[in-house]
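Notes follow the structure.
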Amino acid sequence: AGLVTAVGHPSAIPYLAAHLPEATWRDWPASFGDLPGQAVLAVGPGLGQGLAAHDLLLEIGTLSCPQVWDADALNILARFGPELLAADAVRLFTPHPGEAARLLGVTATAVQADRAAAICRLQARYGGHWVLKGHHSLLLGSGGHWLCPLGNPGMATGGSGDVLTGILAGLLAQDLEADKALSLGVCLHARAGDLAAAQMGEASLLASDILAAVPRALQELTQNHDGN
C-alpha cells in the first residue's frame, strides 16, 4: 500500500511507532467521511466490541470503498446482521470457523462438518467475497470456489489472520479485482507460513514470522512468473 493509516487510541501511538514507523495515525474514535477516493479499509483486528466499535462499523457499512472485514468486525456483524452492510461495496470477509458459526447462528462443529455449505450460506446472507480459514482454507468469490492447498498447523496462532487481513487490503489497494486479491492473498499468506515453518518449525511459529516471510513468498512468485 502506498500509505497506511492506523486508527486507535492515542495511548497506542508509541507502540505502533516502534513496530511500524511508516504508518500515519488517526485518533479513535474516528470518522471516515473524509477518506480519499482510493482508500481501502481493513477493519476488525484489535477493534474490540464496545459502543465506539459498533458506531464505527455502522458508518463503515455505509461506505462504498473496498473493505476487508475480520475479527471483531465479524463479531459485530453477527450481532447486527446483514442490514449493517447498507452500501454496495467490494467486501472481503475472512472468518475462522468460530466467527463463521456466529455469523450463521450455528456451532463451529456444524461449520466444520460441511465447510462448502457454510461458506455458501455466508455469501448468500451477507454477499461479498469469503475465505473460511482453517486446514486448506476455502474461498468463495464471484467466480466460484477455490481451495488453498498451502499452509500448515503452525499458522493457527494469534495474529496470523491479522496478517492475512493486511495482505488482502494491500492487494486491493493495488487495484486487483476482488477474486484475484482473495486468491492471491490467501495463497501468499499460506506460502509465507510454509516458508517460516521450514525455517523454524511449526511449533515455534508466530504471526510476526509469517509477516517476515511474505517478501520471500513474493520473490518466489516473481521468479516463477519471470521463468515462465
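By order of appearance in the C-alpha cells: chains A, B, ..., then residues from 1 within every chain, and ligands from 1 in the order shown.
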
- [ ] Within segment 78-110 of chain A, find each residue whose DSSP state, derived from the backbone, is alpha helix (DSSP H), and express the selection as a PyMOL selection string.
- [x] chain A and resi 78-80+97-104+108-110

Would you output that residue set with all heavy atoms, as an mmCIF file, in the first residue's frame?
```cif
data_model
loop_
_atom_site.group_PDB
_atom_site.id
_atom_site.type_symbol
_atom_site.label_atom_id
_atom_site.label_comp_id
_atom_site.auth_asym_id
_atom_site.auth_seq_id
_atom_site.Cartn_x
_atom_site.Cartn_y
_atom_site.Cartn_z
ATOM 1 N N ALA A 78 -22.154 -10.137 13.092
ATOM 2 C CA ALA A 78 -23.039 -11.220 13.506
ATOM 3 C C ALA A 78 -24.150 -10.697 14.413
ATOM 4 O O ALA A 78 -25.280 -11.208 14.385
ATOM 5 C CB ALA A 78 -22.228 -12.299 14.225
ATOM 6 N N ARG A 79 -23.835 -9.685 15.203
ATOM 7 C CA ARG A 79 -24.822 -9.117 16.120
ATOM 8 C C ARG A 79 -25.864 -8.281 15.378
ATOM 9 O O ARG A 79 -27.052 -8.332 15.683
ATOM 10 C CB ARG A 79 -24.090 -8.264 17.163
ATOM 11 C CG ARG A 79 -24.909 -7.889 18.371
ATOM 12 C CD ARG A 79 -24.002 -7.279 19.431
ATOM 13 N NE ARG A 79 -22.972 -8.242 19.846
ATOM 14 C CZ ARG A 79 -21.713 -7.907 20.156
ATOM 15 N NH1 ARG A 79 -21.331 -6.657 20.099
ATOM 16 N NH2 ARG A 79 -20.861 -8.831 20.528
ATOM 17 N N PHE A 80 -25.412 -7.494 14.389
ATOM 18 C CA PHE A 80 -26.315 -6.600 13.666
ATOM 19 C C PHE A 80 -27.019 -7.290 12.501
ATOM 20 O O PHE A 80 -28.125 -6.900 12.115
ATOM 21 C CB PHE A 80 -25.540 -5.392 13.120
ATOM 22 C CG PHE A 80 -25.321 -4.298 14.118
ATOM 23 C CD1 PHE A 80 -24.175 -4.253 14.880
ATOM 24 C CD2 PHE A 80 -26.263 -3.298 14.303
ATOM 25 C CE1 PHE A 80 -23.960 -3.247 15.804
ATOM 26 C CE2 PHE A 80 -26.060 -2.275 15.216
ATOM 27 C CZ PHE A 80 -24.905 -2.251 15.976
ATOM 28 N N PRO A 97 -13.577 -20.687 11.679
ATOM 29 C CA PRO A 97 -14.836 -21.416 11.898
ATOM 30 C C PRO A 97 -15.697 -20.861 13.032
ATOM 31 O O PRO A 97 -16.933 -20.850 12.928
ATOM 32 C CB PRO A 97 -14.372 -22.840 12.181
ATOM 33 C CG PRO A 97 -13.091 -22.963 11.423
ATOM 34 C CD PRO A 97 -12.435 -21.621 11.539
ATOM 35 N N GLY A 98 -15.080 -20.397 14.115
ATOM 36 C CA GLY A 98 -15.859 -19.847 15.216
ATOM 37 C C GLY A 98 -16.607 -18.591 14.819
ATOM 38 O O GLY A 98 -17.785 -18.404 15.173
ATOM 39 N N GLU A 99 -15.933 -17.695 14.092
ATOM 40 C CA GLU A 99 -16.590 -16.471 13.628
ATOM 41 C C GLU A 99 -17.667 -16.793 12.600
ATOM 42 O O GLU A 99 -18.744 -16.182 12.605
ATOM 43 C CB GLU A 99 -15.544 -15.527 13.037
ATOM 44 C CG GLU A 99 -14.593 -14.971 14.088
ATOM 45 C CD GLU A 99 -13.298 -14.441 13.517
ATOM 46 O OE1 GLU A 99 -12.969 -14.756 12.347
ATOM 47 O OE2 GLU A 99 -12.589 -13.726 14.258
ATOM 48 N N ALA A 100 -17.380 -17.755 11.721
ATOM 49 C CA ALA A 100 -18.391 -18.167 10.743
ATOM 50 C C ALA A 100 -19.634 -18.709 11.445
ATOM 51 O O ALA A 100 -20.773 -18.443 11.030
ATOM 52 C CB ALA A 100 -17.806 -19.213 9.804
ATOM 53 N N ALA A 101 -19.424 -19.460 12.515
ATOM 54 C CA ALA A 101 -20.553 -20.010 13.263
ATOM 55 C C ALA A 101 -21.418 -18.901 13.843
ATOM 56 O O ALA A 101 -22.660 -18.965 13.793
ATOM 57 C CB ALA A 101 -20.039 -20.932 14.366
ATOM 58 N N ARG A 102 -20.792 -17.864 14.398
ATOM 59 C CA ARG A 102 -21.564 -16.750 14.959
ATOM 60 C C ARG A 102 -22.321 -16.015 13.853
ATOM 61 O O ARG A 102 -23.459 -15.574 14.055
ATOM 62 C CB ARG A 102 -20.626 -15.799 15.710
ATOM 63 C CG ARG A 102 -20.150 -16.363 17.039
ATOM 64 C CD ARG A 102 -19.400 -15.351 17.863
ATOM 65 N NE ARG A 102 -18.039 -15.148 17.405
ATOM 66 C CZ ARG A 102 -16.997 -15.914 17.752
ATOM 67 N NH1 ARG A 102 -17.178 -16.954 18.552
ATOM 68 N NH2 ARG A 102 -15.786 -15.653 17.321
ATOM 69 N N LEU A 103 -21.709 -15.864 12.691
ATOM 70 C CA LEU A 103 -22.370 -15.182 11.580
ATOM 71 C C LEU A 103 -23.585 -15.953 11.076
ATOM 72 O O LEU A 103 -24.538 -15.365 10.560
ATOM 73 C CB LEU A 103 -21.383 -14.972 10.431
ATOM 74 C CG LEU A 103 -20.312 -13.900 10.661
ATOM 75 C CD1 LEU A 103 -19.161 -14.086 9.685
ATOM 76 C CD2 LEU A 103 -20.914 -12.500 10.515
ATOM 77 N N LEU A 104 -23.557 -17.279 11.231
ATOM 78 C CA LEU A 104 -24.649 -18.114 10.747
ATOM 79 C C LEU A 104 -25.601 -18.550 11.858
ATOM 80 O O LEU A 104 -26.646 -19.141 11.575
ATOM 81 C CB LEU A 104 -24.081 -19.359 10.058
ATOM 82 C CG LEU A 104 -23.309 -19.119 8.761
ATOM 83 C CD1 LEU A 104 -22.660 -20.414 8.285
ATOM 84 C CD2 LEU A 104 -24.232 -18.551 7.685
ATOM 85 N N ALA A 108 -19.569 -24.100 15.697
ATOM 86 C CA ALA A 108 -18.362 -24.282 14.890
ATOM 87 C C ALA A 108 -18.265 -25.713 14.376
ATOM 88 O O ALA A 108 -17.759 -25.953 13.270
ATOM 89 C CB ALA A 108 -17.126 -23.927 15.710
ATOM 90 N N THR A 109 -18.761 -26.663 15.157
ATOM 91 C CA THR A 109 -18.767 -28.059 14.711
ATOM 92 C C THR A 109 -19.602 -28.229 13.452
ATOM 93 O O THR A 109 -19.223 -28.946 12.519
ATOM 94 C CB THR A 109 -19.307 -28.970 15.826
ATOM 95 O OG1 THR A 109 -18.485 -28.838 16.987
ATOM 96 C CG2 THR A 109 -19.318 -30.423 15.389
ATOM 97 N N ALA A 110 -20.743 -27.538 13.402
ATOM 98 C CA ALA A 110 -21.600 -27.610 12.222
ATOM 99 C C ALA A 110 -20.915 -26.995 11.008
ATOM 100 O O ALA A 110 -21.036 -27.500 9.883
ATOM 101 C CB ALA A 110 -22.929 -26.911 12.492
#
```

Open item on the list: Residues near Leu168 of chain A, anyone? I mean within 7 Å using only C-alpha atoms, not counting same-chain ones fewer than 3 positions away, as a VMD selection string.
Closed with: chain A and resid 164 to 165 171 to 172 181 to 182 185

Open item on the list: List as a list of chain:residue names the protein and nucleic acid residues near Ser142 of chain A, meaning an atom at most 10 Å away when only C-alpha atoms are counted, but skip any in the same chain fewer than 4 places from it.
Closed with: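 Within the cut-off, the hits are A:Gln123, A:Gly127, A:Gly128, A:His129, A:Trp130, A:Ala178, A:Asp179.
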
Could you write out the selected residues, including C-alpha atoms, as a PDB file, in the first residue's frame?
```
ATOM      1  CA  GLN A 123     -22.160 -15.397   0.923  1.00  0.00           C
ATOM      2  CA  GLY A 127     -22.820 -11.001  -0.047  1.00  0.00           C
ATOM      3  CA  GLY A 128     -19.178 -10.264  -0.770  1.00  0.00           C
ATOM      4  CA  HIS A 129     -16.132 -12.488  -1.120  1.00  0.00           C
ATOM      5  CA  TRP A 130     -15.152 -15.029   1.521  1.00  0.00           C
ATOM      6  CA  ALA A 178     -11.654  -8.881  -5.563  1.00  0.00           C
ATOM      7  CA  ASP A 179     -11.419 -12.520  -6.719  1.00  0.00           C
TER       8      ASP A 179
END
```

Task: Point-to-point distance in Å for atom CA of Leu188 of chain A and atom CA of Gln112 of chain A - done: 23.5 Å

Open item on the list: Give me, as number ranges by chain, the residues of segment 41-201 of chain A that a backbone DSSP run labels strand (DSSP E).
Closed with: A: 41-43, 67-69, 91-93, 129-132, 138-141, 144-147

Output N, CA and C atoms for every residue in that selection, as a PDB file, in the first residue's frame.
```
ATOM      1  N   LEU A  41     -10.233  -0.065   3.366  1.00  0.00           N
ATOM      2  CA  LEU A  41     -10.330  -0.216   4.814  1.00  0.00           C
ATOM      3  C   LEU A  41     -10.101  -1.665   5.220  1.00  0.00           C
ATOM      4  N   ALA A  42      -9.248  -1.861   6.201  1.00  0.00           N
ATOM      5  CA  ALA A  42      -9.087  -3.162   6.865  1.00  0.00           C
ATOM      6  C   ALA A  42      -9.606  -2.975   8.281  1.00  0.00           C
ATOM      7  N   VAL A  43     -10.692  -3.648   8.629  1.00  0.00           N
ATOM      8  CA  VAL A  43     -11.366  -3.365   9.887  1.00  0.00           C
ATOM      9  C   VAL A  43     -11.596  -4.658  10.662  1.00  0.00           C
ATOM     10  N   GLN A  67     -13.248  -2.973   1.187  1.00  0.00           N
ATOM     11  CA  GLN A  67     -13.089  -3.239   2.613  1.00  0.00           C
ATOM     12  C   GLN A  67     -12.708  -4.698   2.846  1.00  0.00           C
ATOM     13  N   VAL A  68     -11.933  -4.938   3.926  1.00  0.00           N
ATOM     14  CA  VAL A  68     -11.656  -6.278   4.415  1.00  0.00           C
ATOM     15  C   VAL A  68     -12.170  -6.354   5.846  1.00  0.00           C
ATOM     16  N   TRP A  69     -13.036  -7.328   6.125  1.00  0.00           N
ATOM     17  CA  TRP A  69     -13.646  -7.473   7.447  1.00  0.00           C
ATOM     18  C   TRP A  69     -13.107  -8.732   8.114  1.00  0.00           C
ATOM     19  N   ARG A  91     -16.335  -6.150  -0.637  1.00  0.00           N
ATOM     20  CA  ARG A  91     -16.008  -6.552   0.731  1.00  0.00           C
ATOM     21  C   ARG A  91     -15.435  -7.963   0.723  1.00  0.00           C
ATOM     22  N   LEU A  92     -14.309  -8.131   1.403  1.00  0.00           N
ATOM     23  CA  LEU A  92     -13.698  -9.435   1.626  1.00  0.00           C
ATOM     24  C   LEU A  92     -13.864  -9.774   3.093  1.00  0.00           C
ATOM     25  N   PHE A  93     -14.402 -10.953   3.381  1.00  0.00           N
ATOM     26  CA  PHE A  93     -14.637 -11.398   4.743  1.00  0.00           C
ATOM     27  C   PHE A  93     -13.740 -12.607   5.023  1.00  0.00           C
ATOM     28  N   HIS A 129     -17.100 -11.455  -0.799  1.00  0.00           N
ATOM     29  CA  HIS A 129     -16.132 -12.488  -1.120  1.00  0.00           C
ATOM     30  C   HIS A 129     -15.589 -13.047   0.191  1.00  0.00           C
ATOM     31  N   TRP A 130     -15.409 -14.375   0.242  1.00  0.00           N
ATOM     32  CA  TRP A 130     -15.152 -15.029   1.521  1.00  0.00           C
ATOM     33  C   TRP A 130     -13.961 -15.961   1.480  1.00  0.00           C
ATOM     34  N   VAL A 131     -13.246 -16.019   2.602  1.00  0.00           N
ATOM     35  CA  VAL A 131     -12.318 -17.112   2.868  1.00  0.00           C
ATOM     36  C   VAL A 131     -12.694 -17.693   4.224  1.00  0.00           C
ATOM     37  N   LEU A 132     -12.957 -18.981   4.249  1.00  0.00           N
ATOM     38  CA  LEU A 132     -13.199 -19.695   5.504  1.00  0.00           C
ATOM     39  C   LEU A 132     -11.871 -20.322   5.903  1.00  0.00           C
ATOM     40  N   LEU A 138     -10.856 -22.390   2.452  1.00  0.00           N
ATOM     41  CA  LEU A 138     -11.829 -22.448   1.365  1.00  0.00           C
ATOM     42  C   LEU A 138     -12.209 -21.029   0.978  1.00  0.00           C
ATOM     43  N   LEU A 139     -12.221 -20.752  -0.326  1.00  0.00           N
ATOM     44  CA  LEU A 139     -12.500 -19.415  -0.834  1.00  0.00           C
ATOM     45  C   LEU A 139     -13.748 -19.445  -1.695  1.00  0.00           C
ATOM     46  N   LEU A 140     -14.504 -18.365  -1.633  1.00  0.00           N
ATOM     47  CA  LEU A 140     -15.694 -18.220  -2.466  1.00  0.00           C
ATOM     48  C   LEU A 140     -15.805 -16.761  -2.892  1.00  0.00           C
ATOM     49  N   GLY A 141     -15.720 -16.546  -4.206  1.00  0.00           N
ATOM     50  CA  GLY A 141     -15.871 -15.211  -4.758  1.00  0.00           C
ATOM     51  C   GLY A 141     -16.960 -15.202  -5.808  1.00  0.00           C
ATOM     52  N   GLY A 144     -16.634 -18.434  -8.230  1.00  0.00           N
ATOM     53  CA  GLY A 144     -16.771 -19.798  -7.746  1.00  0.00           C
ATOM     54  C   GLY A 144     -15.893 -20.107  -6.563  1.00  0.00           C
ATOM     55  N   HIS A 145     -15.722 -21.401  -6.296  1.00  0.00           N
ATOM     56  CA  HIS A 145     -14.950 -21.877  -5.149  1.00  0.00           C
ATOM     57  C   HIS A 145     -13.488 -22.097  -5.516  1.00  0.00           C
ATOM     58  N   TRP A 146     -12.612 -21.893  -4.526  1.00  0.00           N
ATOM     59  CA  TRP A 146     -11.208 -22.307  -4.630  1.00  0.00           C
ATOM     60  C   TRP A 146     -10.803 -22.934  -3.295  1.00  0.00           C
ATOM     61  N   LEU A 147      -9.794 -23.761  -3.366  1.00  0.00           N
ATOM     62  CA  LEU A 147      -9.217 -24.361  -2.166  1.00  0.00           C
ATOM     63  C   LEU A 147      -7.733 -24.061  -2.167  1.00  0.00           C
TER      64      LEU A 147
END
```

TODO: Give me, please, the distance in Å between atom CA of Leu206 of chain A and atom CA of Leu74 of chain A, quoted to one decimal.
DONE: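 A separation of 22.9 Å between them.
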
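Ranking A:Ser31, A:Thr107, A:Gln49, A:Asn152 by their shortest atom-to-atom distance to Gly201 of chain A, with only C-alpha atoms included, puts A:Asn152 first.
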
Taking 3 positions as the minimum chain separation for residues in the same chain, which residues sit within 9 Å of Ala192 of chain A when counting only C-alpha atoms? Answer as a PDB file with N, CA and C atoms, in the first residue's frame.
```
ATOM      1  N   GLY A 151      -0.094 -23.964   3.430  1.00  0.00           N
ATOM      2  CA  GLY A 151      -0.287 -23.671   4.838  1.00  0.00           C
ATOM      3  C   GLY A 151       0.018 -24.867   5.718  1.00  0.00           C
ATOM      4  N   CYS A 187      -3.123 -17.393  -0.776  1.00  0.00           N
ATOM      5  CA  CYS A 187      -2.010 -18.288  -1.112  1.00  0.00           C
ATOM      6  C   CYS A 187      -0.659 -17.688  -0.730  1.00  0.00           C
ATOM      7  N   LEU A 188      -0.495 -16.386  -0.879  1.00  0.00           N
ATOM      8  CA  LEU A 188       0.743 -15.744  -0.427  1.00  0.00           C
ATOM      9  C   LEU A 188       0.927 -15.905   1.074  1.00  0.00           C
ATOM     10  N   HIS A 189      -0.146 -15.684   1.806  1.00  0.00           N
ATOM     11  CA  HIS A 189      -0.126 -15.824   3.261  1.00  0.00           C
ATOM     12  C   HIS A 189       0.246 -17.252   3.656  1.00  0.00           C
ATOM     13  N   LEU A 195       7.067 -21.187   4.390  1.00  0.00           N
ATOM     14  CA  LEU A 195       8.479 -20.797   4.386  1.00  0.00           C
ATOM     15  C   LEU A 195       8.982 -20.559   5.803  1.00  0.00           C
ATOM     16  N   ALA A 196       8.176 -19.888   6.620  1.00  0.00           N
ATOM     17  CA  ALA A 196       8.579 -19.623   8.003  1.00  0.00           C
ATOM     18  C   ALA A 196       8.681 -20.923   8.798  1.00  0.00           C
ATOM     19  N   ALA A 197       7.734 -21.848   8.581  1.00  0.00           N
ATOM     20  CA  ALA A 197       7.761 -23.117   9.304  1.00  0.00           C
ATOM     21  C   ALA A 197       8.967 -23.957   8.903  1.00  0.00           C
ATOM     22  N   ASP A 209       6.462 -14.038  12.326  1.00  0.00           N
ATOM     23  CA  ASP A 209       7.320 -14.842  11.446  1.00  0.00           C
ATOM     24  C   ASP A 209       6.682 -14.984  10.068  1.00  0.00           C
ATOM     25  N   ILE A 210       5.370 -15.140  10.040  1.00  0.00           N
ATOM     26  CA  ILE A 210       4.663 -15.223   8.761  1.00  0.00           C
ATOM     27  C   ILE A 210       4.836 -13.917   7.997  1.00  0.00           C
ATOM     28  N   LEU A 211       4.656 -12.806   8.695  1.00  0.00           N
ATOM     29  CA  LEU A 211       4.815 -11.498   8.072  1.00  0.00           C
ATOM     30  C   LEU A 211       6.219 -11.324   7.508  1.00  0.00           C
ATOM     31  N   ALA A 212       7.225 -11.751   8.272  1.00  0.00           N
ATOM     32  CA  ALA A 212       8.609 -11.590   7.827  1.00  0.00           C
ATOM     33  C   ALA A 212       8.914 -12.425   6.589  1.00  0.00           C
ATOM     34  N   ALA A 213       8.160 -13.506   6.375  1.00  0.00           N
ATOM     35  CA  ALA A 213       8.401 -14.378   5.228  1.00  0.00           C
ATOM     36  C   ALA A 213       7.632 -13.948   3.981  1.00  0.00           C
ATOM     37  N   VAL A 214       6.747 -12.971   4.095  1.00  0.00           N
ATOM     38  CA  VAL A 214       5.970 -12.535   2.939  1.00  0.00           C
ATOM     39  C   VAL A 214       6.865 -12.039   1.795  1.00  0.00           C
ATOM     40  N   PRO A 215       7.919 -11.252   2.060  1.00  0.00           N
ATOM     41  CA  PRO A 215       8.769 -10.832   0.943  1.00  0.00           C
ATOM     42  C   PRO A 215       9.370 -12.001   0.165  1.00  0.00           C
ATOM     43  N   ARG A 216       9.759 -13.065   0.864  1.00  0.00           N
ATOM     44  CA  ARG A 216      10.312 -14.230   0.164  1.00  0.00           C
ATOM     45  C   ARG A 216       9.246 -14.910  -0.683  1.00  0.00           C
ATOM     46  N   ALA A 217       8.024 -14.981  -0.162  1.00  0.00           N
ATOM     47  CA  ALA A 217       6.941 -15.567  -0.950  1.00  0.00           C
ATOM     48  C   ALA A 217       6.673 -14.747  -2.205  1.00  0.00           C
ATOM     49  N   LEU A 218       6.733 -13.441  -2.081  1.00  0.00           N
ATOM     50  CA  LEU A 218       6.538 -12.574  -3.244  1.00  0.00           C
ATOM     51  C   LEU A 218       7.678 -12.725  -4.243  1.00  0.00           C
TER      52      LEU A 218
END
```

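Minimum distance to Leu77 of chain A across A:Leu122, A:Val163, A:Val111, A:Cys65 (counting only C-alpha atoms) occurs at A:Leu122.
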
- [ ] Return the single residue from A:Pro95, A:Gly105, A:Pro66, A:Gly46 that is closest to Ala169 of chain A, with distances computed using only C-alpha atoms.
- [x]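 Of the candidates, the smallest distance to Ala169 of chain A is held by A:Pro66.
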
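Across the model, the gap from atom CA of Ala173 of chain A to atom CA of Thr5 of chain A is 12.8 Å.
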
Task: Pick from A:Val106, A:Leu205, A:Ile60, A:Val40 nearest to Gly159 of chain A, counting only C-alpha atoms - done: A:Leu205
